[in-house]
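Colleague: Dropping in start_7.pdb, which is PDB, C-alpha atoms:
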ATOM      1  CA  MET S  15     -10.398 -27.649   8.903  1.00  0.00           C
ATOM      2  CA  SER S  16     -13.908 -26.666   9.963  1.00  0.00           C
ATOM      3  CA  VAL S  17     -14.940 -23.944  12.371  1.00  0.00           C
ATOM      4  CA  PRO S  18     -16.630 -25.203  15.557  1.00  0.00           C
ATOM      5  CA  ALA S  19     -20.369 -24.396  15.775  1.00  0.00           C
ATOM      6  CA  ASP S  20     -19.880 -22.501  19.050  1.00  0.00           C
ATOM      7  CA  PHE S  21     -17.018 -20.340  17.687  1.00  0.00           C
ATOM      8  CA  ASP S  22     -17.463 -16.630  18.490  1.00  0.00           C
ATOM      9  CA  PRO S  23     -15.161 -14.468  16.314  1.00  0.00           C
ATOM     10  CA  GLU S  24     -15.857 -11.411  18.503  1.00  0.00           C
ATOM     11  CA  ASN S  25     -14.277 -13.115  21.509  1.00  0.00           C
ATOM     12  CA  ALA S  26     -11.658 -15.209  19.795  1.00  0.00           C
ATOM     13  CA  GLY S  27      -8.040 -14.679  20.697  1.00  0.00           C
ATOM     14  CA  ASN S  28      -5.291 -14.640  18.111  1.00  0.00           C
ATOM     15  CA  ALA S  29      -3.599 -17.977  17.795  1.00  0.00           C
ATOM     16  CA  PRO S  30       0.181 -17.514  17.518  1.00  0.00           C
ATOM     17  CA  GLU S  31       0.306 -19.653  14.363  1.00  0.00           C
ATOM     18  CA  ILE S  32      -2.332 -17.501  12.629  1.00  0.00           C
ATOM     19  CA  GLU S  33      -0.498 -14.312  13.618  1.00  0.00           C
ATOM     20  CA  LYS S  34       2.743 -15.757  12.270  1.00  0.00           C
ATOM     21  CA  GLN S  35       1.114 -16.724   8.954  1.00  0.00           C
ATOM     22  CA  PHE S  36      -0.414 -13.259   8.645  1.00  0.00           C
ATOM     23  CA  ALA S  37       2.939 -11.584   9.367  1.00  0.00           C
ATOM     24  CA  VAL S  38       4.654 -13.750   6.745  1.00  0.00           C
ATOM     25  CA  LYS S  39       2.026 -12.836   4.136  1.00  0.00           C
ATOM     26  CA  VAL S  40       2.310  -9.103   4.888  1.00  0.00           C
ATOM     27  CA  ILE S  41       6.126  -9.206   4.674  1.00  0.00           C
ATOM     28  CA  GLU S  42       6.001 -11.167   1.407  1.00  0.00           C
ATOM     29  CA  GLN S  43       3.641  -8.573  -0.096  1.00  0.00           C
ATOM     30  CA  ALA S  44       5.973  -5.740   0.962  1.00  0.00           C
ATOM     31  CA  GLN S  45       8.968  -7.568  -0.528  1.00  0.00           C
ATOM     32  CA  THR S  46       7.082  -8.153  -3.782  1.00  0.00           C
ATOM     33  CA  HIS S  47       6.128  -4.477  -3.985  1.00  0.00           C
ATOM     34  CA  HIS S  48       9.722  -3.407  -3.266  1.00  0.00           C
ATOM     35  CA  LYS S  49      10.985  -5.703  -6.028  1.00  0.00           C
ATOM     36  CA  LEU S  50       8.407  -4.333  -8.480  1.00  0.00           C
ATOM     37  CA  ILE S  51       9.209  -0.649  -7.915  1.00  0.00           C
ATOM     38  CA  THR S  52      12.965  -1.205  -7.965  1.00  0.00           C
ATOM     39  CA  THR S  53      13.177  -3.387 -11.091  1.00  0.00           C
ATOM     40  CA  ILE S  54      10.459  -1.896 -13.315  1.00  0.00           C
ATOM     41  CA  PRO S  55      10.053   1.853 -13.894  1.00  0.00           C
ATOM     42  CA  PRO S  56       7.174   2.608 -11.473  1.00  0.00           C
ATOM     43  CA  SER S  57       5.444   4.968 -13.900  1.00  0.00           C
ATOM     44  CA  SER S  58       4.811   1.983 -16.197  1.00  0.00           C
ATOM     45  CA  LEU S  59       3.463  -0.304 -13.459  1.00  0.00           C
ATOM     46  CA  LYS S  60      -0.147  -1.347 -13.330  1.00  0.00           C
ATOM     47  CA  LEU S  61      -1.069  -2.792  -9.935  1.00  0.00           C
ATOM     48  CA  THR S  62      -4.625  -3.889 -10.814  1.00  0.00           C
ATOM     49  CA  LYS S  63      -6.924  -3.866 -13.812  1.00  0.00           C
ATOM     50  CA  HIS S  64      -8.864  -1.152 -11.952  1.00  0.00           C
ATOM     51  CA  ASP S  65      -6.001   1.349 -11.546  1.00  0.00           C
ATOM     52  CA  ASP S  66      -7.787   4.103 -13.483  1.00  0.00           C
ATOM     53  CA  GLU S  67     -10.965   3.883 -11.403  1.00  0.00           C
ATOM     54  CA  LEU S  68      -9.033   3.596  -8.131  1.00  0.00           C
ATOM     55  CA  TYR S  69      -6.968   6.663  -9.027  1.00  0.00           C
ATOM     56  CA  GLU S  70      -9.938   8.791 -10.137  1.00  0.00           C
ATOM     57  CA  MET S  71     -12.010   8.051  -7.062  1.00  0.00           C
ATOM     58  CA  PHE S  72      -9.022   8.658  -4.763  1.00  0.00           C
ATOM     59  CA  LYS S  73      -8.607  12.036  -6.443  1.00  0.00           C
ATOM     60  CA  GLU S  74     -12.332  12.765  -6.063  1.00  0.00           C
ATOM     61  CA  LEU S  75     -12.662  11.735  -2.396  1.00  0.00           C
ATOM     62  CA  PHE S  76      -9.275  13.002  -1.199  1.00  0.00           C
ATOM     63  CA  PRO S  77      -8.587  16.166  -3.241  1.00  0.00           C
ATOM     64  CA  GLU S  78      -6.275  17.554  -0.539  1.00  0.00           C
ATOM     65  CA  ASN S  79      -3.803  14.781  -1.379  1.00  0.00           C
ATOM     66  CA  PHE S  80      -3.366  16.261  -4.853  1.00  0.00           C
ATOM     67  CA  GLU S  81      -2.385  19.741  -3.623  1.00  0.00           C
ATOM     68  CA  ASN S  82       1.145  21.066  -2.963  1.00  0.00           C
ATOM     69  CA  ASP S  83       2.870  18.730  -5.430  1.00  0.00           C
ATOM     70  CA  LEU S  84       1.196  15.711  -3.813  1.00  0.00           C
ATOM     71  CA  ALA S  85       2.988  16.285  -0.495  1.00  0.00           C
ATOM     72  CA  LEU S  86       0.398  14.182   1.383  1.00  0.00           C
ATOM     73  CA  VAL S  87       0.938  11.282  -1.023  1.00  0.00           C
ATOM     74  CA  LYS S  88       4.725  11.578  -1.053  1.00  0.00           C
ATOM     75  CA  VAL S  89       4.832  11.498   2.757  1.00  0.00           C
ATOM     76  CA  ILE S  90       1.698  10.131   4.398  1.00  0.00           C
ATOM     77  CA  ASP S  91       0.503  11.717   7.629  1.00  0.00           C
ATOM     78  CA  GLU S  92      -0.838   8.680   9.479  1.00  0.00           C
ATOM     79  CA  ASP S  93      -2.939  10.744  11.910  1.00  0.00           C
ATOM     80  CA  ARG S  94      -4.572  12.612   9.056  1.00  0.00           C
ATOM     81  CA  MET S  95      -5.136   9.392   7.121  1.00  0.00           C
ATOM     82  CA  LYS S  96      -6.876   7.781  10.096  1.00  0.00           C
ATOM     83  CA  ASN S  97      -8.888  10.711  11.476  1.00  0.00           C
ATOM     84  CA  LYS S  98     -12.692  10.574  11.678  1.00  0.00           C
ATOM     85  CA  ASP S  99     -13.297  12.485   8.429  1.00  0.00           C
ATOM     86  CA  SER S 100     -10.819  10.349   6.503  1.00  0.00           C
ATOM     87  CA  LYS S 101     -12.254   7.122   7.919  1.00  0.00           C
ATOM     88  CA  THR S 102     -15.679   8.075   6.561  1.00  0.00           C
ATOM     89  CA  ARG S 103     -14.213   8.750   3.120  1.00  0.00           C
ATOM     90  CA  TRP S 104     -12.126   5.545   3.204  1.00  0.00           C
ATOM     91  CA  GLN S 105     -15.282   3.569   3.980  1.00  0.00           C
ATOM     92  CA  LYS S 106     -16.999   5.082   0.938  1.00  0.00           C
ATOM     93  CA  TYR S 107     -13.909   4.397  -1.192  1.00  0.00           C
ATOM     94  CA  SER S 108     -13.670   0.793   0.021  1.00  0.00           C
ATOM     95  CA  LYS S 109     -17.355   0.109  -0.519  1.00  0.00           C
ATOM     96  CA  ALA S 110     -17.082   1.275  -4.134  1.00  0.00           C
ATOM     97  CA  PHE S 111     -14.500  -1.434  -4.867  1.00  0.00           C
ATOM     98  CA  GLU S 112     -15.530  -4.283  -2.565  1.00  0.00           C
ATOM     99  CA  LYS S 113     -16.938  -6.332  -5.458  1.00  0.00           C
ATOM    100  CA  THR S 114     -14.239  -5.536  -8.027  1.00  0.00           C
ATOM    101  CA  VAL S 115     -10.879  -5.373  -6.212  1.00  0.00           C
ATOM    102  CA  GLU S 116      -9.687  -8.703  -4.869  1.00  0.00           C
ATOM    103  CA  ASP S 117      -8.709  -8.713  -1.185  1.00  0.00           C
ATOM    104  CA  PHE S 118      -9.610  -5.007  -0.952  1.00  0.00           C
ATOM    105  CA  SER S 119      -9.815  -5.152   2.846  1.00  0.00           C
ATOM    106  CA  SER S 120      -6.873  -7.429   3.574  1.00  0.00           C
ATOM    107  CA  GLY S 121      -4.083  -6.040   5.712  1.00  0.00           C
ATOM    108  CA  CYS S 122      -0.766  -4.918   4.291  1.00  0.00           C
ATOM    109  CA  LEU S 123       2.121  -2.549   4.903  1.00  0.00           C
ATOM    110  CA  LEU S 124       2.138   0.952   3.443  1.00  0.00           C
ATOM    111  CA  ARG S 125       5.292   3.064   3.272  1.00  0.00           C
ATOM    112  CA  LEU S 126       4.902   6.499   4.830  1.00  0.00           C
ATOM    113  CA  ASN S 127       7.627   8.159   2.729  1.00  0.00           C
ATOM    114  CA  SER S 128       7.620   7.182  -0.941  1.00  0.00           C
ATOM    115  CA  GLU S 129      11.360   7.794  -1.259  1.00  0.00           C
ATOM    116  CA  GLU S 130      12.267   5.294   1.458  1.00  0.00           C
ATOM    117  CA  ASP S 131      12.106   1.530   1.673  1.00  0.00           C
ATOM    118  CA  TYR S 132       9.952  -0.570   3.979  1.00  0.00           C
ATOM    119  CA  THR S 133      11.371  -0.225   7.488  1.00  0.00           C
ATOM    120  CA  GLU S 134       9.862  -0.336  10.944  1.00  0.00           C
ATOM    121  CA  SER S 135       9.797   3.470  11.090  1.00  0.00           C
ATOM    122  CA  ASN S 136       8.584   3.938   7.494  1.00  0.00           C
ATOM    123  CA  ALA S 137       5.704   1.483   7.332  1.00  0.00           C
ATOM    124  CA  ILE S 138       2.235   1.406   8.789  1.00  0.00           C
ATOM    125  CA  PHE S 139      -0.468  -1.196   8.762  1.00  0.00           C
ATOM    126  CA  ALA S 140      -3.195  -0.360   6.240  1.00  0.00           C
ATOM    127  CA  VAL S 141      -5.789  -2.162   4.175  1.00  0.00           C
ATOM    128  CA  ARG S 142      -5.026  -3.110   0.585  1.00  0.00           C
ATOM    129  CA  ILE S 143      -7.435  -0.543  -0.899  1.00  0.00           C
ATOM    130  CA  GLN S 144      -5.494   2.263   0.853  1.00  0.00           C
ATOM    131  CA  PHE S 145      -2.195   0.784  -0.302  1.00  0.00           C
ATOM    132  CA  LEU S 146      -3.480   0.711  -3.880  1.00  0.00           C
ATOM    133  CA  ALA S 147      -4.787   4.290  -3.768  1.00  0.00           C
ATOM    134  CA  TYR S 148      -1.467   5.684  -2.560  1.00  0.00           C
ATOM    135  CA  GLU S 149       0.861   3.482  -4.607  1.00  0.00           C
ATOM    136  CA  ILE S 150      -1.043   3.915  -7.880  1.00  0.00           C
ATOM    137  CA  THR S 151      -0.906   7.689  -7.350  1.00  0.00           C
ATOM    138  CA  ARG S 152       2.789   7.553  -6.433  1.00  0.00           C
ATOM    139  CA  ASN S 153       3.547   5.541  -9.576  1.00  0.00           C
ATOM    140  CA  ARG S 154       1.581   7.848 -11.885  1.00  0.00           C
ATOM    141  CA  HIS S 155       3.220  10.981 -10.526  1.00  0.00           C
ATOM    142  CA  GLY S 156       6.788   9.681 -10.384  1.00  0.00           C
ATOM    143  CA  LEU S 157       6.947   9.614  -6.584  1.00  0.00           C
ATOM    144  CA  ASN S 158       8.365   6.069  -6.555  1.00  0.00           C
ATOM    145  CA  ASN S 159      11.012   6.880  -9.158  1.00  0.00           C
ATOM    146  CA  LYS S 160      13.713   7.591  -6.564  1.00  0.00           C
ATOM    147  CA  MET S 161      13.454   4.026  -5.249  1.00  0.00           C
ATOM    148  CA  TYR S 162      13.845   2.685  -8.793  1.00  0.00           C
ATOM    149  CA  GLU S 163      16.696   5.054  -9.706  1.00  0.00           C
ATOM    150  CA  ASP S 164      18.620   4.349  -6.495  1.00  0.00           C
ATOM    151  CA  GLU S 165      18.354   0.601  -7.084  1.00  0.00           C
ATOM    152  CA  GLN S 166      19.495   0.959 -10.713  1.00  0.00           C
ATOM    153  CA  LYS S 167      22.525   3.039  -9.637  1.00  0.00           C
ATOM    154  CA  GLN S 168      23.417   0.535  -6.945  1.00  0.00           C
ATOM    155  CA  SER S 169      22.992  -2.347  -9.381  1.00  0.00           C
ATOM    156  CA  SER S 170      25.257  -0.767 -12.023  1.00  0.00           C
ATOM    157  CA  THR S 171      27.855   0.140  -9.375  1.00  0.00           C
ATOM    158  CA  SER S 172      27.848  -3.472  -8.151  1.00  0.00           C
ATOM    159  CA  LYS S 173      28.293  -4.759 -11.718  1.00  0.00           C
ATOM    160  CA  ALA S 174      31.126  -2.293 -12.391  1.00  0.00           C
ATOM    161  CA  THR S 175      33.072  -3.368  -9.298  1.00  0.00           C
ATOM    162  CA  ALA S 176      32.505  -7.103  -9.845  1.00  0.00           C
TER     163      ALA S 176
END
Could you render the structure from this file as structure tokens?
Modeller:
Amino acid sequence: MSVPADFDPENAGNAPEIEKQFAVKVIEQAQTHHKLITTIPPSSLKLTKHDDELYEMFKELFPENFENDLALVKVIDEDRMKNKDSKTRWQKYSKAFEKTVEDFSSGCLLRLNSEEDYTESNAIFAVRIQFLAYEITRNRHGLNNKMYEDEQKQSSTSKATA
């Protein structure tokens, strides 16, 4: 399918089919992430081949997230994450990885509370680079362990009663 020569992306509406495809992709990514952190110990997960660099730069640009036992990573404050100062730092962070991290600016869901699953009240729309920054940090610091442990308990309880 080719794009018409007179197509203006600034004034284009969202076609329902495109919105539906986007929603399906975002939900599939969230389901894949949920499956990963509940079947593999999160501390051993590697989300990209650039995890180390993503983590270090996140730590450098957002040092406040690494204070108070990572409270701002464990439970994300959406307003703080999207304020003017943070937006400037996110732009710098994104630019640093635009050539190395695939789909760095694609949309995805990000859980607000690392101890809870993806739900309407516990997920926000973010870009992939933000998702990676938070989830790599959560994995490295054991903040996703509760999700894994709860799933393992539930799985062994189900097997025991079967």
Colleague: Would you mind telling me which residue in S:Arg125, S:Ser100, S:Leu146, S:Gln43 lies nearest to Met161 in chain S when using all atoms listed in the file?
Modeller: S:Arg125
Colleague: Taking all atoms listed in the file into account, name the residue in S:Ala137, S:Ala44, S:Ala37, S:Ile150 that is nearest to Ser58 in chain S.
Modeller: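 Using all atoms listed in the file, the shortest distance to Ser58 in chain S belongs to S:Ile150.
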Colleague: Can you work out which one of S:Leu124, S:Leu68, S:Ile138, S:Ala85 has the shortest atom-to-atom distance to Tyr107 in chain S, counting all atoms listed in the file?
Modeller: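 Result for the nearest residue to Tyr107 in chain S: S:Leu68.
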Colleague: What is the distance between CA of Ser170 in chain S and CA of Ile41 in chain S, in Å to one decimal?
Modeller: 26.8 Å
Colleague: What gap, in Å, lies between CA of Phe111 in chain S and CA of Ala147 in chain S?
Modeller: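 These atoms are spaced 11.3 Å apart.
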